[in-house]
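> upload_29.txt (compact mmCIF, C-alpha atoms and all ligand atoms) pasted underneath:
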```txt
# COMPACT_ATOMS: atom_id res chain seq x y z
CA MET Z 1 134.18 82.17 96.62
CA THR Z 2 134.64 85.30 94.48
CA ARG Z 3 135.69 85.31 90.85
CA GLU Z 4 138.93 87.04 91.82
CA ALA Z 5 139.75 84.40 94.48
CA LEU Z 6 139.06 81.63 91.96
CA PHE Z 7 141.32 83.32 89.42
CA GLU Z 8 144.09 83.62 92.03
CA GLN Z 9 143.91 79.87 92.68
CA ILE Z 10 144.08 79.22 88.95
CA GLN Z 11 147.17 81.41 88.59
CA GLN Z 12 148.91 79.88 91.58
CA LYS Z 13 148.41 76.32 90.38
CA LYS Z 14 148.53 77.02 86.67
CA SER Z 15 145.46 74.86 86.49
CA CYS Z 16 141.75 75.30 85.79
CA LEU Z 17 141.07 71.65 86.46
CA CYS Z 18 137.86 70.54 88.18
CA VAL Z 19 137.89 66.96 89.44
CA GLY Z 20 134.49 65.30 89.13
CA LEU Z 21 133.67 63.12 92.11
CA ASP Z 22 131.27 60.79 90.29
CA THR Z 23 131.93 58.09 92.83
CA ASP Z 24 130.22 54.79 92.09
CA LEU Z 25 130.29 52.05 94.74
CA ASN Z 26 130.48 49.42 91.97
CA ARG Z 27 133.72 50.89 90.62
CA LEU Z 28 135.64 51.26 93.87
CA PRO Z 29 138.88 49.36 94.49
CA LYS Z 30 138.00 46.24 96.48
CA HIS Z 31 140.25 47.06 99.42
CA LEU Z 32 138.11 50.10 100.28
CA LEU Z 33 134.96 48.07 100.73
CA GLN Z 34 136.03 47.06 104.25
CA TYR Z 35 135.46 50.63 105.49
CA SER Z 36 132.10 51.76 106.89
CA ASP Z 37 131.92 54.54 104.28
CA PRO Z 38 133.89 53.41 101.21
CA ILE Z 39 132.66 56.31 99.07
CA TYR Z 40 134.07 58.83 101.52
CA GLU Z 41 137.35 56.88 101.88
CA PHE Z 42 137.73 56.85 98.10
CA ASN Z 43 136.98 60.59 97.79
CA LYS Z 44 139.40 61.43 100.58
CA ARG Z 45 142.24 59.66 98.81
CA ILE Z 46 141.35 61.22 95.46
CA ILE Z 47 141.27 64.69 97.06
CA ASP Z 48 144.63 64.14 98.77
CA ALA Z 49 146.15 63.00 95.49
CA THR Z 50 144.75 65.79 93.28
CA LYS Z 51 144.28 68.90 95.43
CA ASP Z 52 147.58 70.51 94.34
CA LEU Z 53 146.71 70.05 90.69
CA CYS Z 54 143.11 71.28 90.60
CA VAL Z 55 141.08 74.29 91.71
CA ALA Z 56 137.61 72.75 91.97
CA TYR Z 57 135.72 69.59 92.87
CA LYS Z 58 132.36 68.63 91.43
CA PRO Z 59 130.50 65.81 93.12
CA ASN Z 60 127.69 64.69 90.85
CA ILE Z 61 124.77 64.44 93.26
CA ALA Z 62 123.16 61.47 91.46
CA PHE Z 63 125.96 59.19 92.60
CA TYR Z 64 125.22 60.06 96.25
CA GLU Z 65 121.42 60.30 96.03
CA ALA Z 66 121.33 56.80 94.57
CA MET Z 67 122.73 55.47 97.86
CA GLY Z 68 119.93 56.97 99.96
CA ALA Z 69 120.62 58.52 103.37
CA ARG Z 70 124.11 56.96 103.44
CA GLY Z 71 124.97 58.70 100.21
CA TRP Z 72 123.96 62.12 101.53
CA GLU Z 73 126.19 61.48 104.52
CA SER Z 74 129.15 60.55 102.30
CA LEU Z 75 128.53 63.73 100.32
CA ALA Z 76 128.45 65.96 103.42
CA LYS Z 77 131.67 64.40 104.76
CA THR Z 78 133.36 64.77 101.37
CA LEU Z 79 132.38 68.43 101.15
CA GLU Z 80 133.78 68.98 104.63
CA TYR Z 81 137.06 67.33 103.58
CA ILE Z 82 137.62 69.51 100.47
CA PRO Z 83 140.11 72.28 101.35
CA GLU Z 84 138.69 75.81 101.76
CA THR Z 85 140.89 76.93 98.86
CA HIS Z 86 138.92 74.85 96.36
CA PHE Z 87 135.74 75.83 94.55
CA THR Z 88 132.94 73.32 95.17
CA ILE Z 89 130.17 72.52 92.72
CA ALA Z 90 127.04 70.53 93.52
CA ASP Z 91 126.27 69.02 90.14
CA ALA Z 92 122.56 68.61 90.75
CA LYS Z 93 121.03 70.13 87.58
CA ARG Z 94 118.10 71.52 89.56
CA GLY Z 95 115.41 74.04 88.57
CA ASP Z 96 111.68 74.16 89.44
CA ILE Z 97 108.99 76.74 90.15
CA GLY Z 98 110.23 79.58 92.35
CA ASN Z 99 109.36 78.40 95.84
CA THR Z 100 110.70 74.91 95.11
CA SER Z 101 113.92 76.27 93.62
CA SER Z 102 114.37 78.33 96.79
CA LEU Z 103 114.46 75.10 98.78
CA TYR Z 104 116.88 73.44 96.35
CA ALA Z 105 119.09 76.51 96.75
CA ARG Z 106 118.83 76.29 100.51
CA ALA Z 107 119.78 72.61 100.42
CA PHE Z 108 123.04 73.24 98.56
CA PHE Z 109 123.99 76.70 99.84
CA ASP Z 110 122.72 76.73 103.44
CA THR Z 111 122.30 73.16 104.68
CA MET Z 112 125.42 72.23 102.73
CA ASP Z 113 127.97 74.90 101.92
CA PHE Z 114 128.69 74.46 98.20
CA ASP Z 115 129.99 77.44 96.21
CA ALA Z 116 127.90 76.60 93.16
CA VAL Z 117 125.09 74.45 91.87
CA THR Z 118 124.34 73.39 88.29
CA VAL Z 119 120.88 74.52 87.19
CA ALA Z 120 118.73 73.56 84.19
CA PRO Z 121 117.26 76.63 82.41
CA TYR Z 122 114.13 75.07 80.88
CA MET Z 123 111.65 76.43 83.45
CA GLY Z 124 112.89 79.99 83.06
CA GLU Z 125 113.48 83.04 85.20
CA ASP Z 126 111.59 82.18 88.40
CA SER Z 127 113.29 78.77 88.48
CA VAL Z 128 116.82 80.21 88.23
CA LYS Z 129 116.64 83.44 90.22
CA PRO Z 130 116.23 81.90 93.70
CA PHE Z 131 119.74 80.40 93.31
CA LEU Z 132 121.14 83.85 92.50
CA GLU Z 133 119.88 85.37 95.73
CA PHE Z 134 122.64 83.84 97.84
CA GLU Z 135 125.54 86.22 98.40
CA GLY Z 136 128.86 84.78 97.29
CA LYS Z 137 127.24 81.72 95.63
CA TRP Z 138 127.08 80.76 91.97
CA VAL Z 139 124.63 79.37 89.43
CA ILE Z 140 126.16 77.24 86.69
CA LEU Z 141 123.50 77.18 84.00
CA LEU Z 142 123.32 74.44 81.37
CA ALA Z 143 123.74 76.10 77.97
CA LEU Z 144 125.43 73.84 75.38
CA THR Z 145 125.88 70.44 76.95
CA SER Z 146 128.47 67.80 76.07
CA ASN Z 147 126.14 64.88 75.38
CA LYS Z 148 124.71 63.61 72.07
CA GLY Z 149 121.24 64.78 73.10
CA SER Z 150 122.45 68.39 73.05
CA GLN Z 151 121.56 68.22 69.32
CA ASN Z 152 117.85 67.70 70.09
CA PHE Z 153 116.91 71.16 71.37
CA GLN Z 154 119.94 73.32 72.02
CA PHE Z 155 120.67 74.21 68.38
CA THR Z 156 117.01 74.88 67.49
CA THR Z 157 116.93 78.41 66.13
CA GLN Z 158 114.96 81.21 67.71
CA GLU Z 159 114.21 84.77 66.58
CA LYS Z 160 117.14 86.41 64.71
CA ASN Z 161 118.31 82.90 63.89
CA GLN Z 162 119.95 82.45 67.28
CA PRO Z 163 120.23 78.90 68.60
CA LEU Z 164 118.43 78.11 71.84
CA TYR Z 165 121.65 77.82 73.84
CA GLU Z 166 122.54 81.38 72.81
CA LYS Z 167 119.11 82.63 73.85
CA VAL Z 168 119.55 80.88 77.21
CA MET Z 169 122.89 82.62 77.71
CA ARG Z 170 121.80 86.09 76.62
CA THR Z 171 118.62 85.97 78.70
CA ALA Z 172 120.35 84.60 81.80
CA MET Z 173 122.97 87.36 81.56
CA THR Z 174 120.17 89.83 82.38
CA TRP Z 175 119.49 87.87 85.62
CA GLY Z 176 123.04 87.39 86.87
CA ASN Z 177 126.53 88.64 86.11
CA ALA Z 178 130.09 87.40 85.78
CA GLU Z 179 130.39 87.31 89.59
CA ASN Z 180 127.57 84.83 90.15
CA LEU Z 181 126.73 83.13 86.85
CA MET Z 182 128.68 80.54 84.86
CA PHE Z 183 127.58 78.47 81.89
CA VAL Z 184 128.07 74.80 81.08
CA ILE Z 185 129.58 74.42 77.62
CA GLY Z 186 130.65 70.90 76.64
CA ALA Z 187 134.21 70.25 75.46
CA THR Z 188 132.68 68.18 72.68
CA HIS Z 189 131.80 71.45 70.86
CA PRO Z 190 135.30 73.04 70.64
CA GLU Z 191 134.41 74.86 67.40
CA LYS Z 192 131.76 76.85 69.27
CA PHE Z 193 133.97 78.44 71.92
CA GLN Z 194 135.02 81.48 69.86
CA GLU Z 195 131.40 82.37 69.20
CA ILE Z 196 130.46 81.68 72.82
CA ARG Z 197 133.15 84.08 74.01
CA GLN Z 198 131.50 86.80 71.94
CA ILE Z 199 128.22 86.17 73.74
CA ALA Z 200 129.75 85.87 77.21
CA PRO Z 201 133.24 87.42 77.25
CA ASP Z 202 133.59 87.49 81.04
CA ASN Z 203 131.60 84.61 82.48
CA PHE Z 204 133.38 81.50 83.65
CA LEU Z 205 132.48 78.38 81.67
CA LEU Z 206 132.28 74.96 83.26
CA VAL Z 207 133.52 72.60 80.57
CA PRO Z 208 132.81 68.88 80.98
CA GLY Z 209 133.38 66.23 78.35
CA ILE Z 210 137.13 65.76 78.12
CA GLY Z 211 138.39 62.23 78.71
CA ALA Z 212 135.66 59.62 78.56
CA GLN Z 213 133.40 61.72 76.27
CA GLY Z 214 136.19 62.56 73.83
CA GLY Z 215 136.20 66.38 74.13
CA ASP Z 216 139.07 68.55 72.92
CA LEU Z 217 141.12 70.06 75.79
CA GLU Z 218 143.56 72.04 73.62
CA GLY Z 219 140.76 73.43 71.46
CA VAL Z 220 138.80 74.56 74.52
CA LEU Z 221 141.84 76.25 76.06
CA HIS Z 222 142.78 77.91 72.80
CA HIS Z 223 139.35 79.31 71.97
CA GLY Z 224 137.77 79.60 75.42
CA ALA Z 225 140.37 81.11 77.76
CA THR Z 226 140.15 84.82 78.63
CA ASP Z 227 142.64 87.08 80.44
CA LYS Z 228 141.00 85.89 83.69
CA CYS Z 229 141.08 82.28 82.44
CA GLY Z 230 137.29 81.96 82.54
CA LEU Z 231 137.36 78.17 82.35
CA LEU Z 232 136.83 75.32 84.78
CA ILE Z 233 137.55 72.16 82.85
CA ASN Z 234 136.10 69.02 84.40
CA SER Z 235 137.20 65.44 84.19
CA SER Z 236 135.49 62.77 86.27
CA ARG Z 237 136.01 59.15 85.13
CA GLY Z 238 139.26 59.98 83.33
CA ILE Z 239 140.81 60.90 86.69
CA ILE Z 240 139.05 59.02 89.46
CA TYR Z 241 139.02 55.67 87.64
CA ALA Z 242 142.44 56.02 85.99
CA GLY Z 243 143.55 53.05 88.11
CA ASP Z 244 141.55 50.40 89.92
CA GLY Z 245 143.72 48.62 92.49
CA ILE Z 246 145.74 49.60 95.56
CA GLY Z 247 147.54 52.31 93.55
CA PHE Z 248 144.38 54.02 92.28
CA ALA Z 249 145.13 57.40 93.91
CA GLY Z 250 148.60 57.59 92.33
CA LYS Z 251 147.05 56.84 88.92
CA ALA Z 252 144.45 59.54 89.50
CA GLN Z 253 147.22 61.96 90.36
CA LEU Z 254 149.10 61.14 87.15
CA SER Z 255 145.99 61.62 85.10
CA ALA Z 256 145.30 65.00 86.75
CA LEU Z 257 148.95 65.99 86.25
CA ARG Z 258 148.73 65.19 82.55
CA LEU Z 259 145.80 67.59 82.19
CA GLN Z 260 147.36 70.27 84.39
CA LYS Z 261 150.51 70.24 82.26
CA VAL Z 262 148.49 70.98 79.15
CA MET Z 263 146.61 73.73 81.00
CA ALA Z 264 149.86 75.28 82.22
CA THR Z 265 150.93 75.96 78.63
CA THR Z 266 148.00 78.38 78.23
CA LEU Z 267 147.48 79.81 81.74
P1 LIG X 301 133.16 62.32 82.68
O1 LIG X 301 132.63 62.15 81.30
O2 LIG X 301 133.33 61.03 83.42
O3 LIG X 301 134.37 63.21 82.74
O4 LIG X 301 131.99 63.05 83.54
C1 LIG X 301 131.42 64.27 83.14
C2 LIG X 301 130.65 64.87 84.29
O5 LIG X 301 130.17 66.16 83.88
C3 LIG X 301 129.41 64.10 84.73
O6 LIG X 301 129.20 64.32 86.11
C4 LIG X 301 128.28 64.74 83.94
O7 LIG X 301 127.05 64.65 84.60
C5 LIG X 301 128.75 66.19 83.89
N1 LIG X 301 128.28 66.94 82.71
C6 LIG X 301 128.46 66.44 81.44
O8 LIG X 301 129.07 65.38 81.24
N2 LIG X 301 127.97 67.14 80.38
C7 LIG X 301 127.33 68.33 80.51
O9 LIG X 301 126.97 68.93 79.52
C8 LIG X 301 127.15 68.86 81.79
C9 LIG X 301 127.70 68.20 82.87
C10 LIG X 301 127.72 68.94 84.14
O10 LIG X 301 126.81 69.76 84.35
O11 LIG X 301 128.65 68.84 84.91
```
Before anything else, please render the file you have as structure tokens.
Ligand code: OMP

Amino acid sequence: MTREALFEQIQQKKSCLCVGLDTDLNRLPKHLLQYSDPIYEFNKRIIDATKDLCVAYKPNIAFYEAMGARGWESLAKTLEYIPETHFTIADAKRGDIGNTSSLYARAFFDTMDFDAVTVAPYMGEDSVKPFLEFEGKWVILLALTSNKGSQNFQFTTQEKNQPLYEKVMRTAMTWGNAENLMFVIGATHPEKFQEIRQIAPDNFLLVPGIGAQGGDLEGVLHHGATDKCGLLINSSRGIIYAGDGIGFAGKAQLSALRLQKVMATTL
């Protein structure tokens, strides 16, 4: 999907919401366990309930990989079920030496047809570039993450006093551009968005960390949005586990609607 097409979706729906499909068999409503593929049944209902309120879905691959071959099958079926209009992100946090990264890229872009994959920058240029070689596909590079551990390395200062996350962003912007490269910036660092927009004025940012991790939605929208929106704001547990019984999909919808309404005030 192109940046323009993504922006059009955002404008139409007045939403930059990404629903995280972090689907855990142990947290599914009991009545779904009678199906042969409960994970897929759950995702289907979540997608039906939220597709008019969001522009992207982000299955976190760990939740599927942990189930073995069955999990990969649930993932493939889920991807197939997501409407063409929606941007799809394989949250796999991959990155390895060049020839290995090429195969990771093939797995998510060729074998499966995701629009984007999350990539870890630590191994550098040859580990990221193979993902950028796929026409119409996106790298979402970890820059300033939402978790507590982001303090360990990402703020360490480099030459000219720039923190590591800034170096990651500036360097990666010489490898890709605003049409194929996004950055992960956690919603738990709302005070950083103004500065981050000076580094990357045009790139989309994938922003996880609202809801369960306590991030600041209004702050992110206020300081992070550009004239092309430039934000995909993710919520996983806050939406998909908003309810836990028969009515779980309706609860998920309400939770997505609550976020969309806030987004609509800015978009
Ligand atoms: P919730 O906290 O349940 O909304 O889930 C957040 C999702 O975003 C999980 O799938 C995380 O793996 C992912 N995530 C972060 O929470 N923090 C980050 O910095 C980066 C990601 C990500 O790359 O999506």
> For each of Z:Gly219, Z:Gly20, Z:Gly224, Z:Gly98, take the minimum atom-to-atom distance to ligand LIG 301 (chain X), counting only C-alpha atoms and all ligand atoms, then give the residue where this is smallest.
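When distances to ligand LIG 301 (chain X) are compared using only C-alpha atoms and all ligand atoms, the smallest one comes from Z:Gly20.
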> Ligand LIG 301 (chain X): which residues are within 6 Å, counting all atoms listed in the file? Reply as a list in words.
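Counting all atoms listed in the file, the residues within 6 Å of ligand LIG 301 (chain X) come out as Asp22, Asn60, Asp91, Thr118, Thr145, Ser146, Asn147, Gly186, Pro208, Gly209, Ile210, Gly211, Ala212, Gln213, Ser235, Ser236, Arg237 and Gly238 of chain Z.
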> Rank nothing, just name the residue among Z:Phe155, Z:Phe114, Z:Phe87, Z:Phe183 nearest to Z:Arg3, using all atoms listed in the file.
Z:Phe87
> Go through Z:Lys13, Z:Arg27, Z:Arg70, Z:Lys93 and flag the residue nearest Z:Val184, using only C-alpha atoms for the distances.
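Result for the nearest residue to Z:Val184: Z:Lys93.
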> From the list Z:Ala264, Z:Leu217, Z:Cys54, Z:Ile239, which residue is nearest Z:Ala252 when using all atoms listed in the file?
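Result for the nearest residue to Z:Ala252: Z:Ile239.
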> From the list Z:Ala143, Z:Leu6, Z:Ala92, Z:Val128, which residue is nearest Z:Glu65 when using all atoms listed in the file?
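Closest residue, counting all atoms listed in the file: Z:Ala92.
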> Work out how far apart atom CA of Z:Tyr64 and atom CA of Z:His31 are and give it in Å to one decimal.
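Between atom CA of Z:Tyr64 and atom CA of Z:His31 the gap works out to 20.1 Å.
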> Got a sec: who's within 12 Å of Z:Thr266, counting all atoms listed in the file, leaving out chain neighbours fewer than 2 positions off, as a PyMOL selection string?
chain Z and resi 10-11+14-16+217-229+231+259-264
> Using all atoms listed in the file, which residue out of Z:Ile233, Z:Ala5, Z:Leu53, Z:Ala90 lies closest to Z:Ser255?
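Checking each of Z:Ile233, Z:Ala5, Z:Leu53, Z:Ala90 against Z:Ser255, counting all atoms listed in the file, the winner is Z:Leu53.
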> So the first atom is atom CA of Z:Leu232 and the second is atom CA of Z:Arg197; what is the distance between them in Å, to one decimal place?
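Going from atom CA of Z:Leu232 over to atom CA of Z:Arg197 covers 14.4 Å.
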> Record the distance separating atom CA of Z:Pro130 and atom CA of Z:Asn99, expressed in Å with one decimal.
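If I compute the distance from atom CA of Z:Pro130 to atom CA of Z:Asn99, I get 8.0 Å.
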